[in-house]
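The data block below is structure_27.txt; it holds compact mmCIF, C-alpha atoms and all ligand atoms.
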```txt
# COMPACT_ATOMS: atom_id res chain seq x y z
CA MET Y 1 -17.69 56.77 -42.41
CA PHE Y 2 -21.07 58.12 -43.43
CA PHE Y 3 -24.56 58.38 -42.07
CA PRO Y 4 -26.69 55.30 -42.68
CA GLU Y 5 -29.46 55.31 -45.25
CA LYS Y 6 -33.03 55.68 -44.03
CA TYR Y 7 -34.16 52.18 -45.04
CA VAL Y 8 -31.34 50.64 -42.96
CA VAL Y 9 -32.28 52.78 -39.95
CA ASP Y 10 -35.94 51.77 -40.44
CA ILE Y 11 -35.10 48.04 -40.59
CA ILE Y 12 -33.02 48.30 -37.43
CA LYS Y 13 -35.84 50.14 -35.67
CA ILE Y 14 -38.33 47.40 -36.60
CA VAL Y 15 -35.93 44.61 -35.60
CA LYS Y 16 -35.24 46.29 -32.25
CA GLN Y 17 -38.99 46.63 -31.63
CA SER Y 18 -39.51 42.95 -32.45
CA ILE Y 19 -37.12 41.93 -29.67
CA GLN Y 20 -37.95 44.87 -27.36
CA MET Y 21 -34.36 46.07 -27.43
CA ARG Y 22 -34.00 49.53 -25.92
CA GLU Y 23 -30.27 50.11 -26.27
CA THR Y 24 -29.21 52.89 -28.60
CA LEU Y 25 -27.26 51.60 -31.57
CA VAL Y 26 -24.83 53.52 -33.75
CA ILE Y 27 -25.17 52.61 -37.42
CA LEU Y 28 -22.32 53.39 -39.79
CA ALA Y 29 -22.32 53.15 -43.57
CA ASP Y 30 -18.75 52.23 -44.49
CA GLN Y 31 -17.85 51.54 -48.11
CA THR Y 32 -14.45 50.14 -47.18
CA ILE Y 33 -15.63 47.01 -45.34
CA PRO Y 34 -16.52 43.79 -47.17
CA TYR Y 35 -19.22 42.60 -44.76
CA ALA Y 36 -21.44 44.02 -42.06
CA ALA Y 37 -19.93 43.79 -38.58
CA ALA Y 38 -20.79 44.58 -34.97
CA GLN Y 39 -18.60 46.15 -32.32
CA ALA Y 40 -20.57 44.75 -29.43
CA SER Y 41 -18.83 46.71 -26.67
CA LYS Y 42 -19.63 50.03 -28.39
CA ASN Y 43 -23.11 49.16 -29.74
CA VAL Y 44 -21.87 49.90 -33.26
CA ILE Y 45 -23.06 48.16 -36.42
CA SER Y 46 -21.23 48.89 -39.67
CA TYR Y 47 -22.41 47.90 -43.11
CA ASN Y 48 -21.32 48.39 -46.70
CA PRO Y 49 -23.99 50.53 -48.44
CA GLN Y 50 -23.07 49.27 -51.91
CA GLN Y 51 -23.32 45.65 -50.83
CA PHE Y 52 -26.71 46.25 -49.18
CA ARG Y 53 -28.06 48.00 -52.29
CA GLN Y 54 -26.91 45.06 -54.41
CA LEU Y 55 -28.52 42.57 -52.00
CA CYS Y 56 -31.81 44.50 -52.16
CA ARG Y 57 -31.71 44.31 -55.97
CA VAL Y 58 -31.26 40.53 -55.84
CA ASP Y 59 -33.79 40.13 -53.01
CA PRO Y 60 -36.37 42.94 -53.18
CA THR Y 61 -38.20 41.55 -50.12
CA GLY Y 62 -35.23 42.85 -48.08
CA SER Y 63 -35.05 39.62 -46.09
CA THR Y 64 -31.32 39.15 -46.77
CA VAL Y 65 -30.51 42.56 -45.30
CA VAL Y 66 -32.91 41.90 -42.38
CA GLY Y 67 -31.10 38.60 -41.71
CA ILE Y 68 -27.68 40.26 -41.77
CA LEU Y 69 -28.74 43.14 -39.52
CA GLY Y 70 -30.58 40.72 -37.22
CA HIS Y 71 -27.38 38.67 -36.89
CA GLU Y 72 -25.34 41.76 -35.97
CA ILE Y 73 -27.99 43.04 -33.53
CA PHE Y 74 -27.86 39.70 -31.70
CA HIS Y 75 -24.08 40.05 -31.35
CA ILE Y 76 -24.75 43.34 -29.56
CA LEU Y 77 -27.68 41.97 -27.55
CA PHE Y 78 -25.45 39.23 -26.12
CA LYS Y 79 -22.41 41.53 -25.95
CA GLN Y 80 -20.51 39.04 -28.04
CA SER Y 81 -16.93 39.93 -28.73
CA ARG Y 82 -14.90 38.68 -31.63
CA ASN Y 83 -11.96 37.47 -29.61
CA SER Y 84 -13.96 35.03 -27.56
CA LYS Y 85 -12.83 31.41 -27.61
CA LYS Y 86 -16.42 30.38 -28.09
CA THR Y 87 -16.62 32.29 -31.34
CA HIS Y 88 -18.36 29.49 -33.29
CA THR Y 89 -21.05 29.13 -30.64
CA LEU Y 90 -21.60 32.89 -30.63
CA GLU Y 91 -21.91 32.98 -34.41
CA LEU Y 92 -24.51 30.21 -34.34
CA LEU Y 93 -26.43 32.07 -31.62
CA ALA Y 94 -26.47 35.21 -33.76
CA ASP Y 95 -27.63 33.12 -36.74
CA ALA Y 96 -30.45 31.62 -34.66
CA GLY Y 97 -31.38 35.17 -33.62
CA ALA Y 98 -31.49 36.21 -37.27
CA GLY Y 99 -33.81 33.27 -38.05
CA TRP Y 100 -36.00 34.23 -35.12
CA ILE Y 101 -36.28 37.84 -36.33
CA LEU Y 102 -37.07 36.80 -39.92
CA CYS Y 103 -39.95 34.69 -38.60
CA ARG Y 104 -41.11 37.49 -36.30
CA LEU Y 105 -41.26 39.91 -39.24
CA GLY Y 106 -43.21 37.45 -41.39
CA MET Y 107 -40.31 36.68 -43.74
CA ASP Y 108 -38.74 33.37 -44.69
CA THR Y 109 -35.09 32.38 -44.33
CA LYS Y 110 -34.43 31.25 -47.92
CA ASN Y 111 -32.64 34.36 -49.18
CA PHE Y 112 -30.56 34.83 -46.05
CA GLU Y 113 -29.57 31.15 -46.19
CA ASN Y 114 -28.45 31.63 -49.78
CA PHE Y 115 -26.38 34.63 -48.78
CA ILE Y 116 -24.67 32.56 -46.08
CA ARG Y 117 -24.14 29.69 -48.52
CA ILE Y 118 -22.48 31.97 -51.09
CA ASN Y 119 -20.55 34.35 -48.83
CA SER Y 120 -19.57 32.88 -45.53
CA TYR Y 121 -16.15 31.43 -45.03
CA SER Y 122 -16.59 27.78 -44.37
CA ASN Y 123 -15.29 26.35 -41.12
CA THR Y 124 -12.64 28.98 -40.28
CA PRO Y 125 -11.48 30.09 -36.83
CA THR Y 126 -14.13 32.84 -36.86
CA HIS Y 127 -17.03 31.07 -38.60
CA PRO Y 128 -18.58 27.61 -38.42
CA ASP Y 129 -19.31 25.78 -41.65
CA ASN Y 130 -22.28 26.87 -43.71
CA MET Y 131 -24.43 23.83 -42.98
CA ARG Y 132 -24.25 24.44 -39.24
CA ARG Y 133 -25.02 28.14 -39.75
CA ILE Y 134 -28.05 27.38 -41.91
CA ASP Y 135 -29.19 24.81 -39.38
CA ALA Y 136 -28.97 27.48 -36.65
CA ILE Y 137 -30.98 29.97 -38.75
CA ARG Y 138 -33.72 27.37 -39.24
CA LYS Y 139 -33.77 26.44 -35.56
CA GLY Y 140 -34.22 30.09 -34.57
CA PHE Y 141 -37.03 30.38 -37.10
CA GLN Y 142 -38.76 27.23 -35.79
CA GLU Y 143 -38.40 28.43 -32.21
CA CYS Y 144 -40.19 31.68 -33.09
CA ILE Y 145 -43.02 29.82 -34.88
CA LYS Y 146 -43.87 28.07 -31.60
CA TYR Y 147 -44.68 31.40 -29.98
CA TYR Y 148 -45.79 33.78 -32.67
CA ARG Y 149 -47.44 31.94 -35.59
ZN ZN E 201 -21.31 37.22 -36.62
```
Please render this file's structure as structure tokens.
Ligand SMILES: [Zn+2]
Amino acid sequence: MFFPEKYVVDIIKIVKQSIQMRETLVILADQTIPYAAAQASKNVISYNPQQFRQLCRVDPTGSTVVGILGHEIFHILFKQSRNSKKTHTLELLADAGAGWILCRLGMDTKNFENFIRINSYSNTPTHPDNMRRIDAIRKGFQECIKYYR
């Protein structure tokens, strides 16, 4: 485990401000994990620094990383645990939250949607299929437009 990079801390700070979240989060840079993850009960978000750097090369706007971190922050906001039976519903809620945050920060959802399309496991016990996830991201985005654009 290592300290997080400054740009990741900065993104999390901005996302937290956008949803007026006051809880303290612990951010861990962990090269051994394949994907970012949240430990909701401990307010911990872990990410793979190499993966994030690669994503920022592909998407220099940073919106993919914002979407991923937004998703994890919503898991913590709703204290969502992985072993819930409603795991698909919780994932879709976190995706909607990510869409909402992307809108709030003036970004679009295209790059984050692509990341989901390419990377997420389709229709497994832990994750709903990609089409439903992308639909949730767009719904969160549209919901935010009503209030803030
Ligand atoms: Zn999730």
Protein and nucleic residues near ligand ZN 201 (chain E), 9 Å, only C-alpha atoms and all ligand atoms, as a list in words: Ala36, Ala37, Ala38, Ile68, His71, Glu72, Phe74, His75, Gln80, Arg82, Thr87, His88, Leu90, Glu91, Leu92, Leu93, Ala94, Asp95, Thr126 and His127 of chain Y
Atomic separation - atom CA of Ile137 of chain Y relative to atom CA of Ile101 of chain Y, Å: 9.8 Å
Between atom CA of Tyr147 of chain Y and atom CA of Asp108 of chain Y, distance in Å (one decimal): 16.0 Å
Phe141 of chain Y environment, 8 Å, all atoms listed in the file, sequence neighbours closer than 4 positions dropped, as a PyMOL selection string: chain Y and resi 96+99-103+109+137+145
Pick from Y:Leu28, Y:Val66, Y:Ile19, Y:Ile76, whichever lies nearest to Met107 of chain Y using all atoms listed in the file: Y:Val66
Shortest interatomic distance to Phe2 of chain Y - which of Y:Ser63, Y:Thr124, Y:Ala29, Y:Gln39, counting only C-alpha atoms: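 So, comparing all the options, the nearest one is Y:Ala29.
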Atomic separation - atom CA of Pro34 of chain Y relative to atom CA of Gly97 of chain Y, Å: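 Atom CA of Gly97 of chain Y sits 21.9 Å away from atom CA of Pro34 of chain Y.
Among Y:Asn123, Y:Gln142, Y:Thr24, Y:Asn114, the residue with the shortest atom-to-atom distance to Lys42 of chain Y, counting all atoms listed in the file, is Y:Thr24.
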Pick from Y:Ile27, Y:Met131, Y:Ile12, Y:Ile118, whichever lies nearest to Tyr47 of chain Y using all atoms listed in the file: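 Distance minimum relative to Tyr47 of chain Y lands on Y:Ile27.
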Y:Val65, Y:Leu105, Y:Val9, Y:Leu25 ranked by distance to Leu77 of chain Y, top pick (using only C-alpha atoms):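 Smallest separation from Leu77 of chain Y among the options: Y:Leu25.
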Residue among Y:Cys56, Y:Ala136, Y:Glu23, Y:Ile33 lying closest to Val8 of chain Y, counting only C-alpha atoms: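 Residue with the minimum atom-to-atom distance to Val8 of chain Y: Y:Cys56.
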What are the centre and edge lengths in Å, to one decimal, of the axis-aligned box around all listed atoms of segment 63-75 of chain Y with 6 Å added on each side, as AutoDock Vina command-line options?
```
--center_x -29.6 --center_y 40.9 --center_z -39.1 --size_x 23.0 --size_y 16.5 --size_z 27.4
```
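For Glu113 of chain Y, the non-local neighbours within 9 Å, defined as residues at least 4 positions apart in the same chain or in other chains and counting all atoms listed in the file, are Thr64, Gly67, Thr109, Arg117, Ile118, Asn130, Arg133, Ile134, Ile137 and Arg138 of chain Y.
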